[in-house]
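What follows is the content of my_file-v2.txt (compact mmCIF, C-alpha atoms).
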```txt
# COMPACT_ATOMS: atom_id res chain seq x y z
CA MET A 1 -80.73 1.01 -24.07
CA ASP A 2 -83.58 2.25 -21.90
CA ARG A 3 -84.78 1.29 -18.49
CA LEU A 4 -88.28 1.48 -17.16
CA GLY A 5 -88.69 4.50 -14.98
CA VAL A 6 -85.31 6.14 -15.68
CA VAL A 7 -86.74 9.28 -17.17
CA PHE A 8 -86.54 13.03 -16.84
CA GLY A 9 -89.53 15.27 -17.47
CA ARG A 10 -89.69 17.84 -20.23
CA THR A 11 -92.80 19.87 -20.84
CA HIS A 12 -93.44 22.62 -23.34
CA VAL A 13 -94.81 24.73 -20.47
CA ARG A 14 -91.94 25.51 -18.12
CA PRO A 15 -90.74 28.53 -16.13
CA SER A 16 -88.10 30.58 -17.92
CA HIS A 17 -84.51 29.51 -17.32
CA TRP A 18 -83.06 32.84 -18.38
CA PRO A 19 -82.86 34.36 -14.88
CA VAL A 20 -80.68 31.43 -13.85
CA ARG A 21 -78.48 31.87 -16.92
CA VAL A 22 -78.08 35.57 -16.14
CA ALA A 23 -77.24 34.82 -12.50
CA LEU A 24 -74.57 32.29 -13.55
CA LEU A 25 -73.09 34.78 -16.01
CA LEU A 26 -72.96 37.47 -13.32
CA GLY A 27 -71.25 35.01 -11.00
CA GLY A 28 -68.59 34.42 -13.66
CA LEU A 29 -68.05 38.16 -14.02
CA VAL A 30 -67.62 38.45 -10.25
CA ALA A 31 -65.01 35.68 -10.36
CA CYS A 32 -63.12 37.55 -13.09
CA GLY A 33 -63.46 40.70 -11.01
CA PHE A 34 -61.07 39.25 -8.43
CA TRP A 35 -58.34 39.49 -11.07
CA TRP A 36 -59.47 42.87 -12.42
CA LEU A 37 -59.44 44.54 -9.00
CA ASN A 38 -56.20 42.94 -7.80
CA PRO A 39 -53.27 45.43 -7.77
CA THR A 40 -50.91 42.87 -9.30
CA SER A 41 -53.01 42.83 -12.49
CA ALA A 42 -52.19 46.42 -13.41
CA GLY A 43 -48.77 45.91 -14.97
CA LEU A 44 -49.21 43.73 -18.06
CA SER A 45 -46.10 45.24 -19.58
CA SER A 46 -44.60 42.14 -21.20
CA PRO A 47 -45.81 39.11 -23.19
CA GLY A 48 -44.98 36.86 -20.25
CA ALA A 49 -47.10 38.99 -17.90
CA VAL A 50 -49.99 38.91 -20.40
CA LEU A 51 -49.85 35.11 -20.56
CA THR A 52 -49.68 34.83 -16.79
CA GLY A 53 -52.62 37.22 -16.42
CA ALA A 54 -54.66 35.22 -18.94
CA GLY A 55 -53.75 32.07 -17.00
CA ARG A 56 -55.02 33.60 -13.76
CA VAL A 57 -58.32 34.53 -15.40
CA ALA A 58 -58.65 31.02 -16.84
CA GLY A 59 -58.00 29.60 -13.39
CA LEU A 60 -60.69 31.78 -11.82
CA VAL A 61 -63.21 30.90 -14.53
CA GLY A 62 -62.38 27.19 -14.28
CA ALA A 63 -62.71 27.17 -10.50
CA TYR A 64 -66.01 29.06 -10.72
CA LEU A 65 -67.35 26.58 -13.28
CA VAL A 66 -66.42 23.75 -10.92
CA LEU A 67 -68.68 25.36 -8.30
CA VAL A 68 -71.43 25.72 -10.91
CA GLN A 69 -71.07 22.03 -11.75
CA LEU A 70 -71.57 21.10 -8.11
CA LEU A 71 -74.60 23.37 -7.75
CA LEU A 72 -76.34 22.12 -10.91
CA LEU A 73 -76.79 18.65 -9.48
CA ALA A 74 -76.90 19.54 -5.78
CA ARG A 75 -80.66 18.71 -5.81
CA LEU A 76 -81.70 22.27 -4.96
CA PRO A 77 -85.52 22.20 -5.22
CA TRP A 78 -85.94 25.79 -6.45
CA LEU A 79 -83.31 25.27 -9.15
CA GLU A 80 -84.92 22.03 -10.30
CA ARG A 81 -88.34 23.69 -10.43
CA ALA A 82 -86.99 26.60 -12.44
CA ILE A 83 -84.89 24.60 -14.90
CA GLY A 84 -85.99 20.98 -14.76
CA PHE A 85 -83.80 18.00 -13.93
CA ASP A 86 -83.30 17.07 -17.59
CA ARG A 87 -81.95 20.50 -18.52
CA LEU A 88 -79.79 20.68 -15.38
CA ALA A 89 -78.28 17.31 -16.28
CA GLY A 90 -77.69 18.56 -19.82
CA TRP A 91 -75.98 21.72 -18.58
CA HIS A 92 -73.86 19.61 -16.24
CA ARG A 93 -72.71 17.38 -19.10
CA GLY A 94 -72.12 20.32 -21.43
CA ILE A 95 -70.05 22.31 -18.94
CA GLY A 96 -68.04 19.29 -17.75
CA MET A 97 -65.62 18.97 -20.65
CA ASN A 98 -65.30 22.76 -20.93
CA VAL A 99 -64.24 22.95 -17.28
CA VAL A 100 -61.37 20.56 -17.94
CA LEU A 101 -60.33 22.46 -21.08
CA VAL A 102 -60.32 25.77 -19.18
CA LEU A 103 -58.25 24.28 -16.35
CA VAL A 104 -55.74 22.76 -18.77
CA THR A 105 -55.54 26.14 -20.52
CA HIS A 106 -54.90 27.74 -17.13
CA VAL A 107 -51.93 25.45 -16.53
CA ILE A 108 -50.48 25.97 -20.02
CA LEU A 109 -50.79 29.76 -19.84
CA ILE A 110 -49.24 30.00 -16.36
CA VAL A 111 -46.29 27.79 -17.31
CA SER A 112 -45.82 29.65 -20.61
CA GLY A 113 -45.92 32.98 -18.82
CA VAL A 114 -43.30 31.89 -16.30
CA ALA A 115 -41.11 30.44 -19.05
CA MET A 116 -41.30 33.62 -21.14
CA THR A 117 -40.79 35.99 -18.21
CA GLU A 118 -37.76 34.13 -16.87
CA SER A 119 -36.40 32.99 -20.25
CA ARG A 120 -36.69 29.34 -19.29
CA ALA A 121 -37.46 26.23 -21.27
CA PRO A 122 -41.07 25.04 -20.78
CA TRP A 123 -40.08 21.91 -18.85
CA SER A 124 -37.83 23.98 -16.59
CA ALA A 125 -40.76 26.31 -15.92
CA VAL A 126 -42.97 23.31 -15.11
CA ILE A 127 -40.45 22.05 -12.56
CA GLU A 128 -40.17 25.51 -11.02
CA VAL A 129 -43.96 25.92 -10.69
CA VAL A 130 -44.44 22.46 -9.22
CA THR A 131 -41.55 22.64 -6.76
CA THR A 132 -41.77 26.26 -5.61
CA TYR A 133 -45.47 27.18 -5.71
CA PRO A 134 -47.45 26.04 -2.61
CA ASP A 135 -49.79 23.03 -2.89
CA MET A 136 -49.04 22.47 -6.57
CA ILE A 137 -48.70 18.69 -6.17
CA LYS A 138 -52.25 18.61 -4.81
CA ALA A 139 -53.42 20.81 -7.67
CA LEU A 140 -51.86 18.52 -10.29
CA LEU A 141 -53.46 15.49 -8.65
CA GLY A 142 -56.79 17.31 -8.69
CA LEU A 143 -56.39 18.11 -12.38
CA GLY A 144 -55.55 14.46 -13.02
CA VAL A 145 -58.79 13.44 -11.30
CA PHE A 146 -60.76 15.88 -13.48
CA LEU A 147 -59.15 14.45 -16.60
CA VAL A 148 -60.08 10.88 -15.60
CA VAL A 149 -63.68 11.94 -14.91
CA ALA A 150 -63.87 13.79 -18.23
CA VAL A 151 -62.48 10.88 -20.27
CA THR A 152 -64.74 8.31 -18.60
CA SER A 153 -67.75 10.59 -19.18
CA ALA A 154 -67.17 10.67 -22.93
CA GLU A 155 -69.72 8.68 -24.93
CA PHE A 156 -67.27 6.01 -26.11
CA ALA A 157 -66.12 5.32 -22.54
CA ARG A 158 -69.61 5.33 -21.05
CA ARG A 159 -70.66 2.62 -23.47
CA LYS A 160 -67.88 0.37 -22.16
CA LEU A 161 -68.35 1.09 -18.45
CA SER A 162 -71.17 -0.15 -16.27
CA TYR A 163 -73.22 2.60 -14.67
CA GLU A 164 -71.87 1.62 -11.27
CA SER A 165 -68.23 1.94 -12.39
CA TRP A 166 -68.91 5.25 -14.10
CA TYR A 167 -70.74 6.59 -11.05
CA LEU A 168 -67.94 5.70 -8.63
CA LEU A 169 -65.38 7.34 -10.92
CA HIS A 170 -67.62 10.39 -11.19
CA LEU A 171 -67.71 10.71 -7.40
CA CYS A 172 -63.94 11.19 -7.50
CA ALA A 173 -64.63 14.66 -8.87
CA TYR A 174 -65.31 15.76 -5.30
CA LEU A 175 -61.79 14.65 -4.38
CA GLY A 176 -60.48 16.63 -7.34
CA VAL A 177 -62.29 19.75 -6.15
CA ALA A 178 -60.81 19.42 -2.67
CA LEU A 179 -57.27 18.84 -3.95
CA ALA A 180 -57.40 21.79 -6.36
CA PHE A 181 -58.83 24.19 -3.79
CA PHE A 182 -55.73 24.49 -1.62
CA HIS A 183 -53.43 25.99 -4.25
CA GLN A 184 -56.06 28.61 -5.14
CA ILE A 185 -55.73 30.09 -1.67
CA SER A 186 -52.02 29.53 -1.04
CA ALA A 187 -50.64 30.22 -4.55
CA GLY A 188 -53.30 32.25 -6.36
CA ALA A 189 -52.05 35.82 -6.72
CA ASP A 190 -55.63 37.11 -6.65
CA PHE A 191 -56.12 35.79 -3.11
CA VAL A 192 -52.65 35.77 -1.54
CA THR A 193 -52.40 39.56 -1.78
CA ASP A 194 -56.07 40.34 -1.03
CA PRO A 195 -57.43 39.02 2.30
CA LYS A 196 -61.00 40.14 1.54
CA ALA A 197 -61.04 38.29 -1.78
CA ARG A 198 -59.60 35.21 -0.05
CA VAL A 199 -62.37 35.25 2.57
CA LEU A 200 -65.07 35.61 -0.12
CA TRP A 201 -63.61 32.77 -2.19
CA ILE A 202 -63.37 30.45 0.81
CA ALA A 203 -66.94 31.39 1.77
CA ALA A 204 -68.16 30.47 -1.72
CA TYR A 205 -66.59 27.01 -1.50
CA VAL A 206 -67.86 26.47 2.04
CA ALA A 207 -71.37 27.48 0.99
CA VAL A 208 -71.42 25.12 -1.99
CA ALA A 209 -69.97 22.29 0.12
CA GLY A 210 -72.69 22.89 2.70
CA ILE A 211 -75.40 22.83 0.04
CA VAL A 212 -74.11 19.55 -1.41
CA LEU A 213 -73.74 17.90 1.98
CA TRP A 214 -77.20 18.99 3.09
CA TRP A 215 -79.20 18.20 -0.03
CA ARG A 216 -77.32 15.11 -1.19
CA VAL A 217 -76.32 13.50 2.10
CA ALA A 218 -78.03 14.86 5.22
CA LEU A 219 -81.50 15.40 3.75
CA PRO A 220 -81.89 11.84 2.32
CA VAL A 221 -80.81 10.41 5.69
CA ARG A 222 -83.15 12.78 7.54
CA ARG A 223 -85.95 11.83 5.16
CA TRP A 224 -85.37 8.15 5.85
CA LEU A 225 -85.52 8.75 9.59
CA ARG A 226 -88.80 10.61 9.02
CA HIS A 227 -90.41 8.24 6.52
CA ALA A 228 -88.56 4.93 7.13
CA ILE A 229 -88.97 3.82 3.52
CA THR A 230 -88.22 0.13 2.96
CA VAL A 231 -88.78 -2.45 0.25
CA ASP A 232 -92.14 -4.16 0.80
CA ARG A 233 -92.18 -6.63 -2.10
CA VAL A 234 -90.97 -7.17 -5.65
CA VAL A 235 -93.49 -8.21 -8.31
CA ARG A 236 -92.58 -9.64 -11.72
CA GLU A 237 -94.55 -7.74 -14.40
CA THR A 238 -92.99 -9.15 -17.60
CA PRO A 239 -89.98 -11.42 -18.22
CA ASP A 240 -87.61 -8.44 -17.97
CA THR A 241 -89.60 -5.99 -15.85
CA VAL A 242 -90.32 -5.85 -12.13
CA SER A 243 -92.25 -3.53 -9.86
CA VAL A 244 -90.88 -2.64 -6.45
CA TRP A 245 -93.48 -1.77 -3.83
CA LEU A 246 -92.14 0.50 -1.10
CA ARG A 247 -93.57 1.06 2.36
CA GLY A 248 -93.04 4.03 4.67
CA ARG A 249 -94.55 6.60 7.03
CA ASN A 250 -96.15 9.93 6.14
CA LEU A 251 -95.39 9.47 2.43
CA ALA A 252 -97.87 12.17 1.44
CA GLU A 253 -95.37 14.69 2.82
CA LEU A 254 -93.04 13.84 -0.07
CA ASP A 255 -95.53 15.61 -2.35
CA ALA A 256 -94.61 13.27 -5.21
CA ARG A 257 -97.07 13.56 -8.09
CA PRO A 258 -97.80 10.87 -10.68
CA GLY A 259 -95.34 11.28 -13.55
CA GLN A 260 -92.45 12.42 -11.36
CA PHE A 261 -89.36 10.43 -10.41
CA LEU A 262 -87.09 10.17 -7.40
CA LEU A 263 -83.47 9.13 -7.01
CA TRP A 264 -83.44 5.81 -5.18
CA ARG A 265 -80.57 4.34 -3.18
CA PHE A 266 -81.17 0.83 -1.82
CA VAL A 267 -79.09 0.26 1.31
CA THR A 268 -77.83 -3.22 0.51
CA VAL A 269 -74.88 -4.90 -1.21
CA GLY A 270 -74.65 -3.98 -4.88
CA HIS A 271 -76.84 -0.88 -4.56
CA LEU A 272 -75.53 1.28 -1.73
CA TRP A 273 -72.97 3.30 -3.69
CA THR A 274 -75.23 4.38 -6.54
CA ALA A 275 -78.51 6.28 -6.75
CA HIS A 276 -80.76 5.75 -9.76
CA PRO A 277 -83.73 7.77 -11.04
CA TYR A 278 -86.91 5.73 -11.39
CA SER A 279 -90.38 7.11 -12.05
CA LEU A 280 -93.35 6.33 -9.89
CA SER A 281 -95.58 3.83 -11.67
CA ALA A 282 -98.55 4.44 -9.35
CA PRO A 283 -99.74 7.39 -7.28
CA VAL A 284 -98.47 7.53 -3.71
CA THR A 285 -101.18 6.24 -1.39
CA GLY A 286 -100.91 6.50 2.38
CA HIS A 287 -97.91 4.36 3.32
CA ARG A 288 -97.15 2.77 -0.06
CA MET A 289 -95.64 3.73 -3.41
CA ARG A 290 -94.31 1.84 -6.42
CA ILE A 291 -91.59 2.05 -9.05
CA THR A 292 -91.22 -0.22 -12.06
CA VAL A 293 -87.83 -1.13 -13.52
CA LYS A 294 -86.76 -2.86 -16.70
CA ASP A 295 -83.63 -5.03 -16.82
CA ALA A 296 -81.14 -2.85 -18.70
CA GLY A 297 -77.86 -3.43 -16.85
CA ASP A 298 -76.20 -4.64 -13.67
CA HIS A 299 -78.10 -2.38 -11.28
CA SER A 300 -81.57 -2.77 -12.76
CA ALA A 301 -81.11 -6.54 -13.06
CA ARG A 302 -80.24 -6.81 -9.35
CA ILE A 303 -83.38 -4.94 -8.34
CA ALA A 304 -85.39 -8.11 -9.01
CA HIS A 305 -83.52 -9.73 -6.09
CA LEU A 306 -84.17 -7.06 -3.47
CA ARG A 307 -85.36 -8.47 -0.17
CA ARG A 308 -88.22 -7.20 1.92
CA GLY A 309 -87.15 -4.73 4.58
CA VAL A 310 -84.17 -3.25 2.70
CA PRO A 311 -83.92 0.46 3.67
CA VAL A 312 -84.31 2.95 0.82
CA LEU A 313 -82.93 6.50 0.67
CA ALA A 314 -84.94 8.75 -1.65
CA GLU A 315 -84.14 12.16 -3.15
CA GLY A 316 -86.81 14.18 -4.87
CA PRO A 317 -89.37 14.25 -6.29
CA PHE A 318 -88.14 15.68 -9.60
CA GLY A 319 -89.66 16.38 -12.98
CA HIS A 320 -92.35 18.52 -14.62
CA PHE A 321 -94.16 15.63 -16.35
CA THR A 322 -97.36 15.99 -14.34
CA THR A 323 -100.94 17.04 -14.93
CA ALA A 324 -100.54 20.10 -12.71
CA ASP A 325 -100.46 22.53 -15.62
CA ARG A 326 -102.45 20.71 -18.28
CA SER A 327 -104.27 23.14 -20.52
CA MET A 328 -107.28 20.96 -21.52
CA ASP A 329 -109.74 18.85 -19.54
CA ALA A 330 -109.55 15.95 -22.01
CA VAL A 331 -106.21 14.09 -22.08
CA LEU A 332 -104.37 11.78 -24.50
CA LEU A 333 -101.61 9.60 -23.04
CA ILE A 334 -99.11 8.00 -25.43
CA SER A 335 -96.47 5.58 -24.15
CA GLY A 336 -93.95 3.20 -25.63
CA GLY A 337 -91.58 0.70 -24.08
CA SER A 338 -90.36 1.93 -20.72
CA GLY A 339 -92.48 5.06 -20.90
CA ILE A 340 -95.46 3.10 -19.66
CA ALA A 341 -94.34 3.55 -16.01
CA PRO A 342 -95.05 7.27 -15.48
CA ILE A 343 -97.94 7.16 -17.97
CA ARG A 344 -99.60 4.42 -15.91
CA ALA A 345 -99.36 6.57 -12.75
CA ILE A 346 -100.83 9.59 -14.55
CA ALA A 347 -103.62 7.43 -16.00
CA GLU A 348 -104.70 6.29 -12.54
CA GLU A 349 -104.73 9.85 -11.25
CA LEU A 350 -106.86 11.08 -14.16
CA VAL A 351 -109.30 8.15 -13.98
CA ARG A 352 -109.70 8.78 -10.27
CA ASP A 353 -110.53 12.43 -11.09
CA ARG A 354 -113.13 11.31 -13.69
CA ALA A 355 -111.25 12.95 -16.56
CA ASP A 356 -111.79 12.10 -20.22
CA VAL A 357 -108.65 10.01 -20.89
CA VAL A 358 -107.44 8.03 -23.90
CA LEU A 359 -104.30 5.88 -23.62
CA LEU A 360 -102.25 4.59 -26.57
CA HIS A 361 -99.43 2.16 -25.82
CA ARG A 362 -96.94 1.09 -28.48
CA ALA A 363 -95.05 -2.22 -28.08
CA SER A 364 -93.44 -4.88 -30.28
CA SER A 365 -95.25 -7.78 -28.60
CA TRP A 366 -97.79 -8.46 -25.88
CA ALA A 367 -95.01 -9.87 -23.70
CA ASP A 368 -93.58 -6.33 -23.48
CA VAL A 369 -96.76 -4.84 -21.99
CA PRO A 370 -96.93 -4.64 -18.17
CA PHE A 371 -99.98 -3.51 -16.19
CA ARG A 372 -102.55 -5.00 -18.58
CA ARG A 373 -104.85 -6.10 -15.76
CA GLU A 374 -104.55 -2.70 -14.14
CA PHE A 375 -105.39 -0.92 -17.39
CA ASP A 376 -108.34 -3.25 -17.91
CA ALA A 377 -109.61 -2.31 -14.45
CA MET A 378 -109.20 1.40 -15.27
CA ALA A 379 -111.05 0.83 -18.55
CA ARG A 380 -114.08 -0.24 -16.55
CA ASP A 381 -113.90 3.16 -14.83
CA GLY A 382 -113.74 5.14 -18.07
CA LEU A 383 -110.17 4.88 -19.44
CA ALA A 384 -110.11 4.27 -23.21
CA VAL A 385 -107.12 1.98 -23.87
CA HIS A 386 -105.67 1.19 -27.30
CA TYR A 387 -102.73 -1.20 -27.57
CA LEU A 388 -100.65 -0.73 -30.74
CA ILE A 389 -98.84 -4.07 -30.82
CA GLY A 390 -96.55 -5.41 -33.54
CA SER A 391 -93.90 -4.31 -35.99
CA ARG A 392 -94.56 -1.68 -38.64
CA SER A 393 -94.68 -4.35 -41.32
CA GLU A 394 -97.23 -6.32 -39.33
CA LEU A 395 -99.32 -3.20 -38.79
CA ARG A 396 -98.79 -1.99 -42.38
CA GLY A 397 -97.29 1.30 -41.29
CA ASP A 398 -96.54 3.34 -38.20
CA PRO A 399 -99.68 3.51 -36.03
CA LEU A 400 -98.40 6.78 -34.54
CA SER A 401 -98.19 8.63 -37.87
CA PRO A 402 -100.72 11.45 -38.39
CA HIS A 403 -103.58 9.63 -40.17
CA PRO A 404 -103.74 6.53 -37.92
CA LEU A 405 -103.40 8.77 -34.85
CA ARG A 406 -106.33 10.96 -35.94
CA ARG A 407 -108.38 7.87 -36.80
CA VAL A 408 -107.98 6.48 -33.26
CA VAL A 409 -108.30 9.88 -31.53
CA PRO A 410 -110.40 12.18 -33.76
CA ASP A 411 -110.40 15.03 -31.22
CA VAL A 412 -106.64 14.98 -30.63
CA THR A 413 -106.34 18.75 -31.15
CA ARG A 414 -108.69 19.34 -28.20
CA ARG A 415 -106.69 17.28 -25.72
CA SER A 416 -103.63 17.79 -23.55
CA VAL A 417 -101.15 15.20 -24.83
CA TYR A 418 -98.57 13.41 -22.67
CA VAL A 419 -95.89 11.43 -24.52
CA CYS A 420 -93.34 9.12 -22.90
CA GLY A 421 -91.21 6.54 -24.66
CA PRO A 422 -88.01 5.87 -26.59
CA VAL A 423 -86.42 8.81 -28.41
CA GLY A 424 -87.41 7.62 -31.90
CA MET A 425 -91.03 7.02 -30.96
CA THR A 426 -91.27 10.36 -29.19
CA ALA A 427 -89.88 12.19 -32.23
CA THR A 428 -92.42 10.45 -34.48
CA VAL A 429 -95.32 11.36 -32.20
CA LEU A 430 -94.24 15.00 -31.86
CA GLY A 431 -93.97 15.26 -35.65
CA SER A 432 -97.44 13.76 -36.05
CA LEU A 433 -98.93 16.10 -33.45
CA ARG A 434 -97.44 19.14 -35.18
CA ARG A 435 -98.82 18.02 -38.55
CA LEU A 436 -102.24 17.48 -36.99
CA GLY A 437 -102.21 21.02 -35.61
CA VAL A 438 -101.96 20.24 -31.90
CA PRO A 439 -100.81 23.46 -30.15
CA ALA A 440 -97.34 23.26 -28.61
CA ASP A 441 -98.62 24.24 -25.17
CA HIS A 442 -100.88 21.17 -25.19
CA ILE A 443 -97.92 18.80 -25.53
CA HIS A 444 -95.88 17.38 -22.66
CA THR A 445 -93.04 14.93 -23.19
CA GLU A 446 -90.81 12.74 -21.07
CA GLU A 447 -87.15 12.39 -22.00
CA PHE A 448 -85.19 9.22 -21.19
CA SER A 449 -81.71 9.63 -19.73
CA LEU A 450 -79.47 7.05 -18.12
CA ARG A 451 -77.13 9.42 -16.29
```
Structure encoded using structure tokens:
Amino acid sequence: MDRLGVVFGRTHVRPSHWPVRVALLLGGLVACGFWWLNPTSAGLSSPGAVLTGAGRVAGLVGAYLVLVQLLLLARLPWLERAIGFDRLAGWHRGIGMNVVLVLVTHVILIVSGVAMTESRAPWSAVIEVVTTYPDMIKALLGLGVFLVVAVTSAEFARRKLSYESWYLLHLCAYLGVALAFFHQISAGADFVTDPKARVLWIAAYVAVAGIVLWWRVALPVRRWLRHAITVDRVVRETPDTVSVWLRGRNLAELDARPGQFLLWRFVTVGHLWTAHPYSLSAPVTGHRMRITVKDAGDHSARIAHLRRGVPVLAEGPFGHFTTADRSMDAVLLISGGSGIAPIRAIAEELVRDRADVVLLHRASSWADVPFRREFDAMARDGLAVHYLIGSRSELRGDPLSPHPLRRVVPDVTRRSVYVCGPVGMTATVLGSLRRLGVPADHIHTEEFSLR
């Protein structure tokens, strides 16, 4: 399932992400250092003490990874520029389940350590920890929230849940973070006995909370007050695709380039509690901009019924899928399905700049092709458009395989190539480009992601 405009940019030319990886690793070592430098960690003289010590380390690592999770999708501009929204989202998903596993391991090790040290049965140790350690009920509730979020984020569950339901459940993770925080300060041996460590740990949580509140709550509201973005009109492009024209003030200040996307939150019933990423399908001009959305679920289907004047909160722009760093003057644009949205915006920018541009669009039928009149108008200004319409059997092969691609674009190796479309199509095109000898730094791709 794809949706027009719900895409994250991936380009083969991107700033290195290794400094961020190193910084995150160093942060984890600092978190473990709270245990290493604590006086109570010196006497691991029994198996029970070893288990308890390992449990404390697991707790510190798990709590640190929770902070990392919050930072990865806090919408920090410098982090998004360094890593890219697609990779940040991937890291967030990859770390998520590991966080829960580390926290569960923390609980098991602490309980096992107490049971072994005091010669108790495991369930007796559980009761002792819950009833005698401060804020443990809150901590268990927080862990329960994390487990629910983890289970509902698994692929099998996400297929059964609507995006809106999944998103609301995912927001509960913030409640889980708040509930789990209290026992770290009141019961964590690494902080109870070390006031300096406690102040540093609280400061870390306060800083991350401030970052999240500013970038994900205050800044979108401030931006709306500055730009007053509202829905201007909704235009039907194809039977299952609509464009939403947006109106606002000083939109050039957003610095949103063709090919990028923003996170949009429409302040109306059915939309307020979720923000969705949709690519710009036209360059921002003065007081207007446009996104184009394909019906692929409850939220995207309701977009067709938006009324004029609905306020819109926007976060971004995000993505590296722009012409800012193209290596060649001549450009080849290849789109398929929903990928036509950002490609259309890039095409207009390049035509306006009098660039040598060829556009290939792959679709099953003409009914699936929006913007035909707009592309025809661009063709009169120099855009070379080739529509590849029909099934493989109808076309007697894949028109995006190496030989047909070279036949349509003989100078493909001397062009910067931008590819946006479904995963299978993108993989085919990338394989063809490699076989044709197109250098990797000439290729830019756009990756679809729903969440």
Near Gly248 of chain A, within 9 Å and counting all atoms listed in the file, which residues show up once chain neighbours fewer than 6 positions away are dropped, as a list in words? Trp224, Arg226, His227, Ala228, Ile229, Thr230, Val231, Gly286, His287, Arg288 and Met289 of chain A
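Distances to Leu436 of chain A were evaluated for A:Leu400, A:Val212, A:Ala63, A:Leu72 using only C-alpha atoms, and the minimum falls at A:Leu400.
The residue that comes closest to Asp255 of chain A, out of A:Ser335, A:Thr131, A:Thr52, A:Thr285 and on the basis of only C-alpha atoms, is A:Thr285.
The space separating atom CA of Asp411 of chain A from atom CA of Thr428 of chain A comes to 18.8 Å.
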Near Met378 of chain A, counting all atoms listed in the file, which residues have an atom at most 8 Å away, once you skip same-chain residues fewer than 4 positions from it, shown as number ranges by chain? A: 348, 351, 374, 382-383
Within 12 Å of Leu109 of chain A, counting all atoms listed in the file, which residues show up once you throw out same-chain ones fewer than 6 positions away? Write them as a PDB file with C-alpha atoms, in the frame of the given file, please.
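Final output, saved to part.pdb:
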```pdb
ATOM      1  CA  PRO A  47     -45.810  39.110 -23.190  1.00  0.00           C
ATOM      2  CA  GLY A  48     -44.980  36.860 -20.250  1.00  0.00           C
ATOM      3  CA  ALA A  49     -47.100  38.990 -17.900  1.00  0.00           C
ATOM      4  CA  VAL A  50     -49.990  38.910 -20.400  1.00  0.00           C
ATOM      5  CA  LEU A  51     -49.850  35.110 -20.560  1.00  0.00           C
ATOM      6  CA  THR A  52     -49.680  34.830 -16.790  1.00  0.00           C
ATOM      7  CA  GLY A  53     -52.620  37.220 -16.420  1.00  0.00           C
ATOM      8  CA  ALA A  54     -54.660  35.220 -18.940  1.00  0.00           C
ATOM      9  CA  GLY A  55     -53.750  32.070 -17.000  1.00  0.00           C
ATOM     10  CA  ARG A  56     -55.020  33.600 -13.760  1.00  0.00           C
ATOM     11  CA  VAL A  57     -58.320  34.530 -15.400  1.00  0.00           C
ATOM     12  CA  ALA A  58     -58.650  31.020 -16.840  1.00  0.00           C
ATOM     13  CA  GLY A  59     -58.000  29.600 -13.390  1.00  0.00           C
ATOM     14  CA  VAL A 102     -60.320  25.770 -19.180  1.00  0.00           C
ATOM     15  CA  LEU A 103     -58.250  24.280 -16.350  1.00  0.00           C
ATOM     16  CA  ALA A 115     -41.110  30.440 -19.050  1.00  0.00           C
ATOM     17  CA  MET A 116     -41.300  33.620 -21.140  1.00  0.00           C
ATOM     18  CA  THR A 117     -40.790  35.990 -18.210  1.00  0.00           C
ATOM     19  CA  PRO A 122     -41.070  25.040 -20.780  1.00  0.00           C
ATOM     20  CA  ALA A 125     -40.760  26.310 -15.920  1.00  0.00           C
ATOM     21  CA  VAL A 126     -42.970  23.310 -15.110  1.00  0.00           C
TER      22      VAL A 126
END
```
Looking at A:Ser364, A:Thr426, A:Ser41, A:Ala347, which one is nearest to Ala379 of chain A, with distances taken over only C-alpha atoms? A:Ala347
Test item: axis-aligned box, all listed atoms of segment 306-325 of chain A, 6 Å on each side, centre and edges in Å rounded to one decimal, as lines of an AutoDock Vina configuration file:
```
center_x = -91.9
center_y = 7.0
center_z = -5.9
size_x = 30.0
size_y = 43.0
size_z = 32.9
```
Identify the residues around (-82.4, 13.7, 1.1) within a radius of 12 Å, measuring from all atoms listed in the file in the coordinates stated by the file, and give them as a VMD selection string. chain A and resid 74 to 77 211 to 227 254 262 to 265 275 312 to 317
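Residues within 7 Å of Val357 of chain A, counting all atoms listed in the file and excluding same-chain residues fewer than 6 positions away, are Ala330, Val331, Leu332, Leu383 and Ala384 of chain A.
Closest approach to Cys172 of chain A from the set A:Val409, A:Glu349, A:Asp325, A:Leu143 is made by A:Leu143, with distances taken over only C-alpha atoms.
With atom CA of Val358 of chain A on one side and atom CA of Pro402 of chain A on the other, the separation reads 16.3 Å.
Taking atom CA of Ile291 of chain A and atom CA of Ala89 of chain A as endpoints, the distance between them is 21.5 Å.
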List the spatial neighbours of Val235 of chain A as a count of residues only - criterion: any atom at most 8 Å away, all atoms listed in the file, same-chain residues fewer than 3 positions off excluded. 4
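The smallest atom-to-atom distance between Phe261 of chain A and any of A:Lys160, A:His320, A:Arg396, A:His17, using all atoms listed in the file, is found for A:His320.
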Which residues of segment 247-327 of chain A come within 12 Å of segment 414-425 of chain A, and what is each one's closest atom pair and distance in Å (one decimal), counting all atoms listed in the file, sorted by chain and residue number, as JSON lines?
```
{"residue": "A:Gly259", "atom": "CA", "partner": "A:Cys420", "partner_atom": "CA", "distance": 9.8}
{"residue": "A:Ser279", "atom": "CA", "partner": "A:Cys420", "partner_atom": "CA", "distance": 11.4}
{"residue": "A:His320", "atom": "CA", "partner": "A:Tyr418", "partner_atom": "CA", "distance": 11.4}
{"residue": "A:Phe321", "atom": "CA", "partner": "A:Tyr418", "partner_atom": "CA", "distance": 8.0}
{"residue": "A:Thr322", "atom": "CA", "partner": "A:Tyr418", "partner_atom": "CA", "distance": 8.8}
{"residue": "A:Thr323", "atom": "CA", "partner": "A:Tyr418", "partner_atom": "CA", "distance": 8.9}
{"residue": "A:Ala324", "atom": "CA", "partner": "A:Ser416", "partner_atom": "CA", "distance": 11.5}
{"residue": "A:Asp325", "atom": "CA", "partner": "A:Ser416", "partner_atom": "CA", "distance": 9.8}
{"residue": "A:Arg326", "atom": "CA", "partner": "A:Ser416", "partner_atom": "CA", "distance": 6.1}
{"residue": "A:Ser327", "atom": "CA", "partner": "A:Ser416", "partner_atom": "CA", "distance": 6.2}
```
